[in-house]
Amino acid sequence: MPADNTEHIVAAARQRAAATRRRATAALRRMDTTGAVITFETVAREARVPRSWLSNQPDLRAEIERLRARHRVPATRPVPDRQRASDASLLRRLQAATERSQQLEAENRELRHALALALGEQRTGELLSGRTRDTPNKKRSAVIGPC
C-alpha cells in the first residue's frame with residue numbers, strides 16, 4: 001500500500017496560496033503608493049496572478065474596487081513629466097511664434113505696398129498710352145459721339 005502524502009500536498013498548496021495572496025497584497029500597496037491605475041487587469045499583471053483568482057477573493061476584490069473608485073482615471077491622462085514642456089520652453093516657443101507673426105505682417109505690408117505701386121504704374125501707363133482695361137489695344141477717341 002502506498003504511503004499517504006496528502007498532508008505534504010495540502011501544505012504545499014497552502015504555501016502557494018499564501019505566496020499568491022502576499023504578491024497580490026504587495027502589488028496593491030505598491031500601485032496605491034505610486035498612484036498607478038488600479039484595475040483587476042493591472043493588479044493581476046503586477047502580482048502575476050490570474051484575474052479570476054483576484055475576483056474570487058472577497059477582501060482583495062473589495063480593496064481593488066475601493067482603490068479603483070478613489071483613483072478614477074481622468075478623461076484625459078496627464079502628460080508624463082518627461083514629456084511636459086517647461087515654462088521657459090513654452091515662453092520661448094511663444095516668443096518665436098510672435099516674432100514669426102511680426103515678420104509675416106511686415107512682409108504683407110511690403111507686398112501690399114509693392115502691389116499698390118505696380119498697379120499705380122500700370123494705370124498711369126494705360127492712361128498715358130490712351131488704353132484702358134476696357135479697350136486694351138484701341139486708343140480712346142477724344143471726340144465724343146459717332147465718328
# chains A, B, ... in the order shown; residues from 1 in each chain; ligands from 1
>>> select_by_dssp(residues="chain A", states="helix (DSSP H, G or I)", output="number ranges by chain")
A: 6-34, 40-47, 51-55, 58-70, 81-83, 87-129
>>> closest_residue(among="A:Ala62, A:Met31, A:Val49, A:Leu119", to="Arg16 (chain A)", atoms="only C-alpha atoms")
A:Val49
>>> residues_around(residues="Leu60 (chain A)", least_positions_apart="5", cutoff="9 Å", atoms="only C-alpha atoms", output="short mmCIF file (atom, residue, chain, number, x, y, z; two decimals) with N, CA, C and O atoms, in the first residue's frame")
data_model
loop_
_atom_site.label_atom_id
_atom_site.label_comp_id
_atom_site.auth_asym_id
_atom_site.auth_seq_id
_atom_site.Cartn_x
_atom_site.Cartn_y
_atom_site.Cartn_z
N ARG A 21 -1.34 35.32 -2.33
CA ARG A 21 -2.00 36.40 -1.61
C ARG A 21 -1.00 37.51 -1.25
O ARG A 21 -1.31 38.70 -1.38
N ALA A 24 -0.25 39.56 -4.35
CA ALA A 24 -1.37 40.43 -4.71
C ALA A 24 -1.46 41.62 -3.76
O ALA A 24 -1.66 42.77 -4.19
N THR A 25 -1.31 41.38 -2.48
CA THR A 25 -1.38 42.46 -1.50
C THR A 25 -0.23 43.44 -1.68
O THR A 25 -0.44 44.66 -1.64
N LEU A 28 -0.87 45.57 -4.75
CA LEU A 28 -1.87 46.61 -4.47
C LEU A 28 -1.25 47.77 -3.70
O LEU A 28 -1.50 48.94 -4.01
N LEU A 54 -8.25 36.90 -8.45
CA LEU A 54 -8.49 38.15 -7.72
C LEU A 54 -9.98 38.37 -7.51
O LEU A 54 -10.41 38.79 -6.43
N SER A 55 -10.76 38.10 -8.53
CA SER A 55 -12.21 38.32 -8.43
C SER A 55 -12.86 37.41 -7.41
O SER A 55 -13.88 37.76 -6.81
N GLU A 65 -11.73 47.41 -5.74
CA GLU A 65 -12.85 48.28 -6.12
C GLU A 65 -12.78 49.61 -5.36
O GLU A 65 -13.07 50.67 -5.93
#
>>> residues_around(residues="Ala19 (chain A)", least_positions_apart="6", cutoff="12 Å", atoms="only C-alpha atoms", output="ChimeraX atom specification")
/A:12-13,25-26,47-49
>>> closest_residue(among="A:Thr39, A:Arg68, A:Pro80, A:Ala17", to="Trp53 (chain A)", atoms="only C-alpha atoms")
A:Ala17
>>> atom_distance(atom1="CA of Ala44 (chain A)", atom2="CA of Ala69 (chain A)")
17.4 Å
